[in-house]
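Undergrad: First the structure, then my questions, so here it is.
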Amino acid sequence: MEFYETVIVGAGPAGLTCAEVLGKGNKEVLVLEKGNVIGNKICAGGMSTKDLRLPKKIIQRKFNGIVLNTARQRVEVNTKSPFLMTVNRGDLGKFMATKVRKVGVEIRTKSRVTKIEKNCLTVNDTQKIKFKNLIGADGPTSIVRTKLGLPTKRAHLAFQYIVPKKFKTLEIFFDFKKFGAMYAWIFPHKSETSIGSGYCLCNDAGLTKFGMTPKLMKENFDQWFKEQYDGRARFEAGLINYDYRGHDFGNRFLIGEAAGLVSGFTGEGIFFAIESGKDVAERIITGKQTYSRIKHLMWIKGAHERLLRAVGKNNLVSKVLVGSAPLLLRWPFLGKKILRKMVY
Ligand SMILES: Cc1cc2nc3c(=O)[nH]c(=O)nc-3n(C[C@H](O)[C@H](O)[C@H](O)COP(=O)(O)OP(=O)(O)OC[C@H]3O[C@@H](n4cnc5c(N)ncnc54)[C@H](O)[C@@H]3O)c2cc1C
């Protein structure tokens, strides 16, 4: 039977970052990915430009500002330098996988982990592999997380249309009647655009209390979408797990969305995945539980989710907050300060 010191389940940004750092630290690692290709993830590809050294060729678009809309107003907030960008998940996956292979780490595609026992797992119901450390980087429906007995109670159902048209500006839409405490987005890429929104599946955003069902939200979204674009489009949907319940369980670890490390308010998860992947790799290399990046992520996540719950608590507070957000952001100084706080 094969043995690896560390097995990583999932070749998303969390698993690939972790594998690269472990490979650079001369650790023996194997990455198992159920998909045929790497980077085949439903995602709008929006990222802030903070601390990421991505090569130009994989960045689709960069934005020196954002347009915020409510039912009544439209506010453009501009920044001196780009602070938001879009990436194609396929390109990001290929780029990250190349770096992982360069440090000598093997990534096995078409390898779904189907069973996990004490120090051994099964791939595709047939092949057994032994491990010392197991890292769950397997996203919102993580088998590693399930095996640890951790439930997922706080999640969003996010959906988007991919339209074959280049939009000019990156835009966010708040409209309490249509989306409740959630928002809709337009994230332009080079030759196509992601137009999407999400439904909070737990009580945090208070959607059911405000009479918003998933069906109604989708109907509202579709109607609004037609106002933005009336043509052929590809519909996609996926879960976003933001239910964090720990990441270090002895010789088992969770990173990225498997750990619930996503902002429950903005849905941003790529940066969270990358940063948590680095921290867990360093923990395995040094044996020290510093986790300084995860602590910072938890701070951002905490602030974002307190805001989500405040909006979801009370109909009046929600209406005022959702309706006045672009007004607050209109003031150049305050607007930029709040925007920076949301993305850092
Ligand atoms: C519609 C939508 C839009 C989004 N938009 C954005 C956005 O604009 N910006 C942003 O930052 N985030 C966005 N997100 C969230 C973001 O995509 C995730 O948070 C991020 O991809 C998490 O990275 P990860 O590496 O933890 O997991 P993933 O990217 O989900 O990777 C997990 C990997 O594990 C593999 N896997 C799963 N189970 C197994 C198994 N049993 N065996 C082997 N392999 C397995 C999967 O195939 C996958 O490749 C969006 C999500 C959705 C659904």
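Identifiers for the structure tokens are assigned positionally: chains receive A, B, ... in sequence, residues are indexed from 1 per chain, and ligands are indexed from 1 in the order shown.
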Using only C-alpha atoms and all ligand atoms, find each residue in chain A having at least one atom no more than 7 Å away from ligand 1; report its shortest atom-to-atom pair and that distance in Å (one decimal), rows by chain then rising number, as JSON lines.
TA:
{"residue": "A:Val9", "atom": "CA", "partner": "ligand 1", "partner_atom_place_in_ligand_line": "43 (C)", "distance": 5.1}
{"residue": "A:Gly10", "atom": "CA", "partner": "ligand 1", "partner_atom_place_in_ligand_line": "34 (O)", "distance": 3.2}
{"residue": "A:Ala11", "atom": "CA", "partner": "ligand 1", "partner_atom_place_in_ligand_line": "49 (O)", "distance": 4.8}
{"residue": "A:Gly12", "atom": "CA", "partner": "ligand 1", "partner_atom_place_in_ligand_line": "31 (O)", "distance": 3.5}
{"residue": "A:Pro13", "atom": "CA", "partner": "ligand 1", "partner_atom_place_in_ligand_line": "25 (O)", "distance": 4.0}
{"residue": "A:Ala14", "atom": "CA", "partner": "ligand 1", "partner_atom_place_in_ligand_line": "25 (O)", "distance": 3.8}
{"residue": "A:Gly15", "atom": "CA", "partner": "ligand 1", "partner_atom_place_in_ligand_line": "25 (O)", "distance": 5.7}
{"residue": "A:Leu32", "atom": "CA", "partner": "ligand 1", "partner_atom_place_in_ligand_line": "43 (C)", "distance": 5.2}
{"residue": "A:Glu33", "atom": "CA", "partner": "ligand 1", "partner_atom_place_in_ligand_line": "44 (N)", "distance": 3.8}
{"residue": "A:Lys34", "atom": "CA", "partner": "ligand 1", "partner_atom_place_in_ligand_line": "43 (C)", "distance": 3.9}
{"residue": "A:Gly35", "atom": "CA", "partner": "ligand 1", "partner_atom_place_in_ligand_line": "47 (O)", "distance": 5.0}
{"residue": "A:Ile38", "atom": "CA", "partner": "ligand 1", "partner_atom_place_in_ligand_line": "49 (O)", "distance": 6.2}
{"residue": "A:Gly39", "atom": "CA", "partner": "ligand 1", "partner_atom_place_in_ligand_line": "49 (O)", "distance": 6.2}
{"residue": "A:Asn40", "atom": "CA", "partner": "ligand 1", "partner_atom_place_in_ligand_line": "49 (O)", "distance": 6.7}
{"residue": "A:Lys41", "atom": "CA", "partner": "ligand 1", "partner_atom_place_in_ligand_line": "29 (O)", "distance": 6.0}
{"residue": "A:Ile42", "atom": "CA", "partner": "ligand 1", "partner_atom_place_in_ligand_line": "53 (C)", "distance": 5.4}
{"residue": "A:Cys43", "atom": "CA", "partner": "ligand 1", "partner_atom_place_in_ligand_line": "3 (C)", "distance": 3.6}
{"residue": "A:Ala44", "atom": "CA", "partner": "ligand 1", "partner_atom_place_in_ligand_line": "5 (N)", "distance": 3.8}
{"residue": "A:Gly45", "atom": "CA", "partner": "ligand 1", "partner_atom_place_in_ligand_line": "8 (O)", "distance": 4.1}
{"residue": "A:Gly46", "atom": "CA", "partner": "ligand 1", "partner_atom_place_in_ligand_line": "8 (O)", "distance": 3.5}
{"residue": "A:Met47", "atom": "CA", "partner": "ligand 1", "partner_atom_place_in_ligand_line": "9 (N)", "distance": 5.3}
{"residue": "A:Ser111", "atom": "CA", "partner": "ligand 1", "partner_atom_place_in_ligand_line": "43 (C)", "distance": 5.7}
{"residue": "A:Arg112", "atom": "CA", "partner": "ligand 1", "partner_atom_place_in_ligand_line": "42 (N)", "distance": 3.6}
{"residue": "A:Val113", "atom": "CA", "partner": "ligand 1", "partner_atom_place_in_ligand_line": "42 (N)", "distance": 3.9}
{"residue": "A:Thr114", "atom": "CA", "partner": "ligand 1", "partner_atom_place_in_ligand_line": "41 (N)", "distance": 5.9}
{"residue": "A:Ala137", "atom": "CA", "partner": "ligand 1", "partner_atom_place_in_ligand_line": "26 (O)", "distance": 5.4}
{"residue": "A:Asp138", "atom": "CA", "partner": "ligand 1", "partner_atom_place_in_ligand_line": "34 (O)", "distance": 3.4}
{"residue": "A:Gly139", "atom": "CA", "partner": "ligand 1", "partner_atom_place_in_ligand_line": "30 (O)", "distance": 3.7}
{"residue": "A:Pro140", "atom": "CA", "partner": "ligand 1", "partner_atom_place_in_ligand_line": "30 (O)", "distance": 6.1}
{"residue": "A:Thr141", "atom": "CA", "partner": "ligand 1", "partner_atom_place_in_ligand_line": "38 (N)", "distance": 6.6}
{"residue": "A:Ser142", "atom": "CA", "partner": "ligand 1", "partner_atom_place_in_ligand_line": "38 (N)", "distance": 5.6}
{"residue": "A:Ile143", "atom": "CA", "partner": "ligand 1", "partner_atom_place_in_ligand_line": "41 (N)", "distance": 5.6}
{"residue": "A:Leu157", "atom": "CA", "partner": "ligand 1", "partner_atom_place_in_ligand_line": "53 (C)", "distance": 7.0}
{"residue": "A:Ala158", "atom": "CA", "partner": "ligand 1", "partner_atom_place_in_ligand_line": "1 (C)", "distance": 4.4}
{"residue": "A:Phe159", "atom": "CA", "partner": "ligand 1", "partner_atom_place_in_ligand_line": "1 (C)", "distance": 4.6}
{"residue": "A:Gln160", "atom": "CA", "partner": "ligand 1", "partner_atom_place_in_ligand_line": "1 (C)", "distance": 5.6}
{"residue": "A:Glu236", "atom": "CA", "partner": "ligand 1", "partner_atom_place_in_ligand_line": "1 (C)", "distance": 6.8}
{"residue": "A:Ala237", "atom": "CA", "partner": "ligand 1", "partner_atom_place_in_ligand_line": "1 (C)", "distance": 5.3}
{"residue": "A:Gly238", "atom": "CA", "partner": "ligand 1", "partner_atom_place_in_ligand_line": "53 (C)", "distance": 3.8}
{"residue": "A:Leu239", "atom": "CA", "partner": "ligand 1", "partner_atom_place_in_ligand_line": "53 (C)", "distance": 5.0}
{"residue": "A:Ile240", "atom": "CA", "partner": "ligand 1", "partner_atom_place_in_ligand_line": "53 (C)", "distance": 5.5}
{"residue": "A:Ile255", "atom": "CA", "partner": "ligand 1", "partner_atom_place_in_ligand_line": "26 (O)", "distance": 6.2}
{"residue": "A:Gly256", "atom": "CA", "partner": "ligand 1", "partner_atom_place_in_ligand_line": "26 (O)", "distance": 3.4}
{"residue": "A:Glu257", "atom": "CA", "partner": "ligand 1", "partner_atom_place_in_ligand_line": "26 (O)", "distance": 3.9}
{"residue": "A:Ala258", "atom": "CA", "partner": "ligand 1", "partner_atom_place_in_ligand_line": "26 (O)", "distance": 5.8}
{"residue": "A:Val262", "atom": "CA", "partner": "ligand 1", "partner_atom_place_in_ligand_line": "19 (O)", "distance": 5.8}
{"residue": "A:Gly267", "atom": "CA", "partner": "ligand 1", "partner_atom_place_in_ligand_line": "13 (C)", "distance": 5.7}
{"residue": "A:Glu268", "atom": "CA", "partner": "ligand 1", "partner_atom_place_in_ligand_line": "11 (O)", "distance": 3.6}
{"residue": "A:Gly269", "atom": "CA", "partner": "ligand 1", "partner_atom_place_in_ligand_line": "19 (O)", "distance": 3.2}
{"residue": "A:Ile270", "atom": "CA", "partner": "ligand 1", "partner_atom_place_in_ligand_line": "11 (O)", "distance": 3.8}
{"residue": "A:Phe271", "atom": "CA", "partner": "ligand 1", "partner_atom_place_in_ligand_line": "11 (O)", "distance": 5.9}
{"residue": "A:Ala273", "atom": "CA", "partner": "ligand 1", "partner_atom_place_in_ligand_line": "26 (O)", "distance": 4.8}
Undergrad: Skip A:Met96 itself and residues of its chain fewer than 5 positions away, then list as number ranges by chain all residues within 12 Å of it, counting only C-alpha atoms.
TA: A: 11-21, 38-39, 53-55, 58, 89-91, 101-103, 105, 107, 274
Undergrad: Taking C-alpha atoms for each residue, export the selection above as a compact mmCIF listing (two decimals), in the first residue's frame.
TA:
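File written: again.txt
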# COMPACT_ATOMS: atom_id res chain seq x y z
CA ALA A 11 -6.71 20.83 -5.99
CA GLY A 12 -8.46 24.20 -5.58
CA PRO A 13 -6.53 27.33 -4.53
CA ALA A 14 -6.34 26.10 -0.91
CA GLY A 15 -4.93 22.64 -1.71
CA LEU A 16 -2.53 23.85 -4.40
CA THR A 17 -1.09 26.67 -2.27
CA CYS A 18 -0.61 24.30 0.65
CA ALA A 19 1.04 21.71 -1.64
CA GLU A 20 3.44 24.27 -3.09
CA VAL A 21 4.60 25.49 0.33
CA ILE A 38 -7.84 21.51 -12.41
CA GLY A 39 -9.67 24.81 -11.91
CA ARG A 53 1.51 38.35 -6.96
CA LEU A 54 -0.32 36.89 -9.93
CA PRO A 55 1.26 37.17 -13.37
CA ILE A 58 -3.83 35.24 -15.77
CA ARG A 89 -10.52 29.92 -12.53
CA GLY A 90 -9.19 27.56 -15.20
CA ASP A 91 -6.15 29.79 -15.83
CA ARG A 101 4.64 20.33 -10.06
CA LYS A 102 7.82 22.45 -10.32
CA VAL A 103 8.56 21.77 -6.64
CA VAL A 105 4.70 17.42 -5.87
CA ILE A 107 -1.21 15.95 -8.41
CA ILE A 274 -4.74 30.70 -0.45
Undergrad: Hey, can you check how far atom CA of A:Lys178 sits from atom CA of A:Lys209?
TA: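 Separation between atom CA of A:Lys178 and atom CA of A:Lys209: 14.4 Å.
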Undergrad: Write out as a tab-separated table a residue-level contact list of stretch 154-214 of chain A versus stretch 68-83 of chain A with cut-off 9 Å: for each qualifying residue the closest pair of atoms and the distance in Å to one decimal, counting only C-alpha atoms, rows sorted by chain and residue number upward.
TA:
residue	atom	partner	partner_atom	distance
A:Leu170	CA	A:Leu68	CA	8.9
A:Glu171	CA	A:Leu68	CA	5.9
A:Ile172	CA	A:Leu68	CA	5.0
A:Phe173	CA	A:Asn69	CA	4.7
A:Phe174	CA	A:Thr70	CA	4.8
A:Asp175	CA	A:Thr70	CA	5.4
A:Phe176	CA	A:Ala71	CA	8.3
A:Lys177	CA	A:Ala71	CA	8.8
Undergrad: Could you state the separation of atom CA of A:Val29 and atom CA of A:Gly277 in Å, given to one decimal place?
TA: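 Separation between atom CA of A:Val29 and atom CA of A:Gly277: 13.5 Å.
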Undergrad: Write down as an MDAnalysis selection string the residues of stretch 104-314 of chain A whose backbone DSSP state falls under helix (DSSP H, G or I).
TA: chainID A and resid 139:141 143:147 176:179 214:228 256:259 270:286 292:313
Undergrad: If we count only C-alpha atoms and set the cut-off at 9 Å, which residues sit around A:Gln289, ignoring sequence neighbours fewer than 5 positions away in its own chain? Please answer as a PyMOL selection string.
TA: chain A and resi 248+279-280+282-284
Undergrad: Please, which residues of stretch 155-229 of chain A, numbered as in this document, come out strand (DSSP E or B) from DSSP, as a list in words?
TA: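 Strand (DSSP E or B) assignments inside stretch 155-229 of chain A correspond to Ala155, His156, Leu157, Ala158, Phe159, Gln160, Tyr161, Ile162, Val163, Glu171, Ile172, Phe173, Ala184, Trp185, Ile186, Phe187, Pro188, Thr193, Ser194, Ile195, Gly196, Ser197, Gly198, Tyr199 and Cys200 of chain A.
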Undergrad: Pull C-alpha atoms from the residues just selected and write them as a PDB file, in the first residue's frame.
TA:
ATOM      1  CA  ALA A 155     -24.002  28.552   3.771  1.00  0.00           C
ATOM      2  CA  HIS A 156     -25.117  30.481   0.698  1.00  0.00           C
ATOM      3  CA  LEU A 157     -26.450  29.147  -2.568  1.00  0.00           C
ATOM      4  CA  ALA A 158     -24.679  31.364  -5.108  1.00  0.00           C
ATOM      5  CA  PHE A 159     -25.757  31.528  -8.736  1.00  0.00           C
ATOM      6  CA  GLN A 160     -24.578  33.305 -11.848  1.00  0.00           C
ATOM      7  CA  TYR A 161     -25.154  33.691 -15.562  1.00  0.00           C
ATOM      8  CA  ILE A 162     -22.030  33.746 -17.717  1.00  0.00           C
ATOM      9  CA  VAL A 163     -22.805  36.043 -20.628  1.00  0.00           C
ATOM     10  CA  GLU A 171     -20.904  46.783 -10.342  1.00  0.00           C
ATOM     11  CA  ILE A 172     -22.730  45.782  -7.167  1.00  0.00           C
ATOM     12  CA  PHE A 173     -26.515  46.109  -6.757  1.00  0.00           C
ATOM     13  CA  ALA A 184     -26.159  41.102  -7.047  1.00  0.00           C
ATOM     14  CA  TRP A 185     -22.949  41.588  -9.009  1.00  0.00           C
ATOM     15  CA  ILE A 186     -21.620  42.248 -12.491  1.00  0.00           C
ATOM     16  CA  PHE A 187     -18.012  41.048 -12.745  1.00  0.00           C
ATOM     17  CA  PRO A 188     -16.591  41.650 -16.227  1.00  0.00           C
ATOM     18  CA  THR A 193     -19.117  38.584 -17.779  1.00  0.00           C
ATOM     19  CA  SER A 194     -20.401  36.945 -14.606  1.00  0.00           C
ATOM     20  CA  ILE A 195     -23.749  38.318 -13.447  1.00  0.00           C
ATOM     21  CA  GLY A 196     -24.884  36.721 -10.224  1.00  0.00           C
ATOM     22  CA  SER A 197     -26.275  36.800  -6.708  1.00  0.00           C
ATOM     23  CA  GLY A 198     -26.778  34.466  -3.756  1.00  0.00           C
ATOM     24  CA  TYR A 199     -29.376  33.127  -1.338  1.00  0.00           C
ATOM     25  CA  CYS A 200     -28.379  32.775   2.315  1.00  0.00           C
TER      26      CYS A 200
END
Undergrad: Measuring between only C-alpha atoms, which one of A:Met182, A:Ile129, A:Ile116, A:Ala259 shows the shortest distance to A:Thr152?
TA: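 Using only C-alpha atoms, A:Thr152 sits closest to A:Ala259.
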Undergrad: Please, what distance in Å, to one decimal, runs between atom CA of A:Thr86 and atom CA of A:Met217?
TA: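 Value for the atom CA of A:Thr86-atom CA of A:Met217 distance: 25.4 Å.
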Undergrad: I'd like the neighbourhood of A:Leu30 as JSON, numbers by chain, where a residue qualifies if any of its atoms comes within 7 Å (using only C-alpha atoms), though same-chain residues fewer than 5 positions away should be ignored.
TA: {"A": [4, 6, 7, 8, 105, 106, 107]}
Undergrad: Let me see the file: selected residues, N, CA and C atoms, as a short mmCIF file (atom, residue, chain, number, x, y, z; two decimals), in the first residue's frame.
TA:
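Final file, again17.cif:
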data_model
loop_
_atom_site.label_atom_id
_atom_site.label_comp_id
_atom_site.auth_asym_id
_atom_site.auth_seq_id
_atom_site.Cartn_x
_atom_site.Cartn_y
_atom_site.Cartn_z
N TYR A 4 2.08 8.29 2.07
CA TYR A 4 2.58 9.67 1.93
C TYR A 4 2.52 10.34 3.31
N THR A 6 1.98 13.48 3.83
CA THR A 6 0.79 14.35 3.81
C THR A 6 -0.01 14.11 2.55
N VAL A 7 -1.30 13.87 2.71
CA VAL A 7 -2.19 13.79 1.55
C VAL A 7 -3.15 14.97 1.62
N ILE A 8 -3.26 15.69 0.49
CA ILE A 8 -4.18 16.83 0.39
C ILE A 8 -5.34 16.41 -0.51
N VAL A 105 5.88 18.05 -6.50
CA VAL A 105 4.70 17.42 -5.87
C VAL A 105 3.78 16.84 -6.95
N GLU A 106 3.30 15.64 -6.70
CA GLU A 106 2.40 14.98 -7.67
C GLU A 106 0.94 15.38 -7.42
N ILE A 107 0.24 15.70 -8.51
CA ILE A 107 -1.21 15.95 -8.41
C ILE A 107 -1.89 14.87 -9.23
#
